[in-house]
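Below: one structure, written as structure tokens.
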Amino acid sequence: MTEVIDGNAVAEEIRAGVSDCVETLTDTGVKPGLATVLMSDDPASETYVSMKQRDCEEVGIEGIHVDVDNDAPAEELYDTVERLNDDDDVHGVLVQKPFVDQVDERRVLRTIAPEKDVDAFHPANVGRLVAGDPRFKPCTPHGIQRLLESVDVETEGKEAVVVGRSDIVGKPMANMLFSKSAGGNATTTVCHSRTEDLAAHTRRADIVVAAAGRPEFITGDMVSEGCVVVDVGINRVERDGDSELVGDVAYDEVAEKAAAITPVPGGVGPMTRAMLLYNTVKAASAESGVDVELP
Ligand code: GUN
């Protein structure tokens, strides 16, 4: 029987725990604040940012949103980030990716104060993760770690294959899977668009994390019986005249073989959002010195 890993349910538990932390902090006069910044007219990015703001409201985090005109000079974005760095009411700063062409991505990520970098994209925070001393864990891989824990998937000593090498998911996910200090301790392979015979790798895997950004890329013949499959993809495809949301995994055929699988939607997506709230209260707690019991 395949276990469908319920990201909505696990995320709800995390949000409940975050709400308690917010209450503790607010009672001592510290209202956690998350600033989102959007310099883009991409409708998907607009939707993601408004969902993050709605999540904040639900758990009592003060959501602050700043729109920067997507035709404005890049300096306007850098200045906005610096202003938010200096704002004591803001504990987390998130600039929604992807960035418009005139913006230097590396500069944006370096400009966000590391202690407010709730995405964990600043090189100092990437370095801390790699060094085994994370300030924040990046939201998607952290969410995946929690999903695996929620269904008692043991990663230690297992073969994990990550498909995709992005800065947001693939690289930190692989790091957390193989590292001892992050709890993974798995033998971890990172595959990507140039991997020869991808299926030979994924078939060996006890755990497959599909983060390639390609619709239904991982098919049933590419996985082994009893594996655990985590689908990070969110792809909109046109099918029979309708627009449909699919992951990077061909769900039905992979689910037939998998012991456990995350659905799309309702798997990784809600966890990414929940872990952003988690990082925001963590930032507020660290900044204020008020201890909270993180969920
Ligand atoms: N765009 C897509 N995912 C993310 C994310 O996790 N953080 C930011 N800042 N932008 C994104």
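Numbering starts fresh at 1 for the residues of each chain in the structure tokens, the chains themselves are lettered A, B, ... in the order given, and ligands are numbered from 1 as they appear.
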Close residues to ligand 1 using only C-alpha atoms and all ligand atoms, limit 9 Å, as a ChimeraX atom specification: /A:36-37,45,48-49,93-99,118-121,138-140,168-169,272-273,276
If you run DSSP on the backbone, which residues of range 17-196 of chain A are strand (DSSP E or B), as a PyMOL selection string? chain A and resi 33-38+62-67+92-95+159-163+187-191
Give me the range 65-171 of chain A side of the contact with range 251-271 of chain A, cut-off 10 Å, one line per residue showing its nearest atom pair and distance in Å at one decimal, counting only C-alpha atoms, sorted by chain and residue number, as a tab-separated table.
residue	atom	partner	partner_atom	distance
A:Cys139	CA	A:Met271	CA	7.7
A:Thr140	CA	A:Met271	CA	6.9
A:Pro141	CA	A:Val268	CA	9.0
A:His142	CA	A:Met271	CA	8.3
A:Gly143	CA	A:Met271	CA	4.8
A:Ile144	CA	A:Val268	CA	6.4
A:Gln145	CA	A:Met271	CA	9.8
A:Arg146	CA	A:Met271	CA	8.3
A:Leu147	CA	A:Val268	CA	7.9
A:Leu148	CA	A:Ala260	CA	9.3
A:Val151	CA	A:Ala260	CA	8.3
A:Val153	CA	A:Ala260	CA	9.0
Selected residues written out, all heavy atoms, as a compact mmCIF listing (two decimals), in the first residue's frame:
# COMPACT_ATOMS: atom_id res chain seq x y z
N CYS A 139 14.06 26.65 3.17
CA CYS A 139 12.68 26.22 3.45
C CYS A 139 12.27 24.92 2.76
O CYS A 139 11.68 24.04 3.41
CB CYS A 139 11.71 27.33 3.06
SG CYS A 139 12.07 28.87 3.93
N THR A 140 12.57 24.78 1.48
CA THR A 140 12.08 23.57 0.79
C THR A 140 12.79 22.31 1.29
O THR A 140 12.12 21.34 1.70
CB THR A 140 12.19 23.72 -0.75
OG1 THR A 140 11.41 24.86 -1.13
CG2 THR A 140 11.67 22.50 -1.48
N PRO A 141 14.13 22.28 1.33
CA PRO A 141 14.76 21.06 1.85
C PRO A 141 14.41 20.78 3.31
O PRO A 141 14.24 19.62 3.70
CB PRO A 141 16.26 21.33 1.71
CG PRO A 141 16.41 22.56 0.93
CD PRO A 141 15.10 23.23 0.79
N HIS A 142 14.26 21.83 4.09
CA HIS A 142 13.87 21.62 5.49
C HIS A 142 12.47 21.01 5.56
O HIS A 142 12.21 20.07 6.32
CB HIS A 142 13.91 22.96 6.23
CG HIS A 142 13.80 22.84 7.72
ND1 HIS A 142 13.64 23.92 8.53
CD2 HIS A 142 13.82 21.75 8.54
CE1 HIS A 142 13.57 23.51 9.79
NE2 HIS A 142 13.69 22.21 9.82
N GLY A 143 11.58 21.52 4.72
CA GLY A 143 10.22 20.98 4.66
C GLY A 143 10.23 19.52 4.25
O GLY A 143 9.50 18.69 4.79
N ILE A 144 11.10 19.18 3.29
CA ILE A 144 11.19 17.78 2.83
C ILE A 144 11.71 16.89 3.96
O ILE A 144 11.21 15.78 4.19
CB ILE A 144 12.09 17.69 1.57
CG1 ILE A 144 11.39 18.38 0.40
CG2 ILE A 144 12.42 16.24 1.24
CD1 ILE A 144 12.26 18.59 -0.83
N GLN A 145 12.69 17.41 4.68
CA GLN A 145 13.23 16.65 5.82
C GLN A 145 12.09 16.32 6.80
O GLN A 145 11.97 15.19 7.28
CB GLN A 145 14.28 17.51 6.49
CG GLN A 145 15.30 16.77 7.28
CD GLN A 145 16.39 17.71 7.79
OE1 GLN A 145 16.11 18.83 8.23
NE2 GLN A 145 17.62 17.25 7.74
N ARG A 146 11.25 17.32 7.06
CA ARG A 146 10.14 17.10 7.99
C ARG A 146 9.10 16.12 7.42
O ARG A 146 8.51 15.34 8.17
CB ARG A 146 9.45 18.44 8.31
CG ARG A 146 10.33 19.38 9.12
CD ARG A 146 10.71 18.74 10.45
NE ARG A 146 11.45 19.64 11.28
CZ ARG A 146 10.91 20.50 12.16
NH1 ARG A 146 9.61 20.55 12.32
NH2 ARG A 146 11.67 21.29 12.88
N LEU A 147 8.89 16.19 6.12
CA LEU A 147 7.94 15.24 5.51
C LEU A 147 8.44 13.81 5.66
O LEU A 147 7.67 12.90 5.97
CB LEU A 147 7.73 15.56 4.03
CG LEU A 147 6.86 16.78 3.70
CD1 LEU A 147 6.81 16.98 2.18
CD2 LEU A 147 5.45 16.62 4.24
N LEU A 148 9.74 13.61 5.43
CA LEU A 148 10.31 12.26 5.56
C LEU A 148 10.18 11.78 7.00
O LEU A 148 9.81 10.62 7.26
CB LEU A 148 11.77 12.25 5.09
CG LEU A 148 11.99 12.53 3.60
CD1 LEU A 148 13.49 12.61 3.27
CD2 LEU A 148 11.33 11.46 2.72
N VAL A 151 6.71 10.43 8.14
CA VAL A 151 6.31 9.05 7.81
C VAL A 151 7.42 8.05 8.18
O VAL A 151 7.49 6.94 7.65
CB VAL A 151 5.89 8.91 6.32
CG1 VAL A 151 4.56 9.59 6.07
CG2 VAL A 151 6.96 9.44 5.38
N VAL A 153 10.58 7.84 7.62
CA VAL A 153 11.55 7.35 6.64
C VAL A 153 12.95 7.54 7.22
O VAL A 153 13.34 8.65 7.57
CB VAL A 153 11.43 8.11 5.29
CG1 VAL A 153 12.58 7.74 4.36
CG2 VAL A 153 10.11 7.80 4.63
Looking at only C-alpha atoms, which of A:Asp291, A:Glu154, A:Asp6, A:Asp79 is the one that sits closest to Val22 in chain A? A:Asp291
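With only C-alpha atoms as the atoms that count, the minimum distance from Leu38 in chain A to the choices A:His65, A:Asp240, A:Glu12, A:Leu277 is reached by A:His65.
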Just how far from CA of Gly226 in chain A is CA of Thr2 in chain A, in Å to one decimal? 8.5 Å
Calculate how many Å separate CA of Val66 in chain A from CA of Gln102 in chain A, rounding to one decimal.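 Result for CA of Val66 in chain A versus CA of Gln102 in chain A: 18.1 Å, one decimal.
Across the structure, CA of Val30 in chain A and CA of Lys137 in chain A are spaced 22.4 Å apart.
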Env of Gly183 in chain A: 12 Å cut, atoms = only C-alpha atoms, seq-sep filter 2 positions within chain, self excluded. Answer as a list in words.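 Once the adjacent positions are removed, what remains is Gly132, His142, Gln145, Arg146, Leu148, Glu149, Val153, Glu154, Thr155, Glu156, Gly157, Met173, Ala174, Asn175, Met176, Leu177, Phe178, Ser179, Lys180, Ser181, Asn185 and Ala186 of chain A.
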What's around Ala200 in chain A at 12 Å? Count only C-alpha atoms, leave out sequence neighbours fewer than 6 positions away in its own chain, and write the answer as a PyMOL selection string. chain A and resi 161+189+191+221-224
Could you save those same residues with N, CA, C and O atoms as a tab-separated table (two decimals), in the first residue's frame?
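After the write, selection_34.tsv holds the following:
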chain	number	residue	atom	x	y	z
A	161	VAL	N	18.85	9.92	-4.06
A	161	VAL	CA	19.19	10.55	-5.34
A	161	VAL	C	18.38	11.83	-5.48
A	161	VAL	O	17.14	11.80	-5.40
A	189	THR	N	23.50	11.06	-4.14
A	189	THR	CA	23.94	11.35	-5.51
A	189	THR	C	23.12	12.54	-6.02
A	189	THR	O	21.91	12.58	-5.81
A	191	CYS	N	21.97	14.29	-9.40
A	191	CYS	CA	21.88	14.14	-10.86
A	191	CYS	C	21.36	15.45	-11.46
A	191	CYS	O	20.71	16.24	-10.78
A	221	ASP	N	9.20	3.51	-14.78
A	221	ASP	CA	10.31	2.59	-15.07
A	221	ASP	C	11.63	3.09	-14.49
A	221	ASP	O	12.63	2.36	-14.52
A	222	MET	N	11.63	4.32	-13.97
A	222	MET	CA	12.89	4.89	-13.44
A	222	MET	C	13.06	4.68	-11.94
A	222	MET	O	14.07	5.10	-11.37
A	223	VAL	N	12.06	4.08	-11.28
A	223	VAL	CA	12.18	3.90	-9.83
A	223	VAL	C	12.03	2.43	-9.47
A	223	VAL	O	11.49	1.65	-10.25
A	224	SER	N	12.49	2.11	-8.27
A	224	SER	CA	12.39	0.71	-7.85
A	224	SER	C	11.21	0.54	-6.90
A	224	SER	O	10.76	1.50	-6.26
In terms of the shortest atom-to-atom distance over only C-alpha atoms, which of A:Val249, A:Ala182, A:Val59, A:Val163 is closest to Pro134 in chain A?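 Nearest to Pro134 in chain A: A:Ala182.
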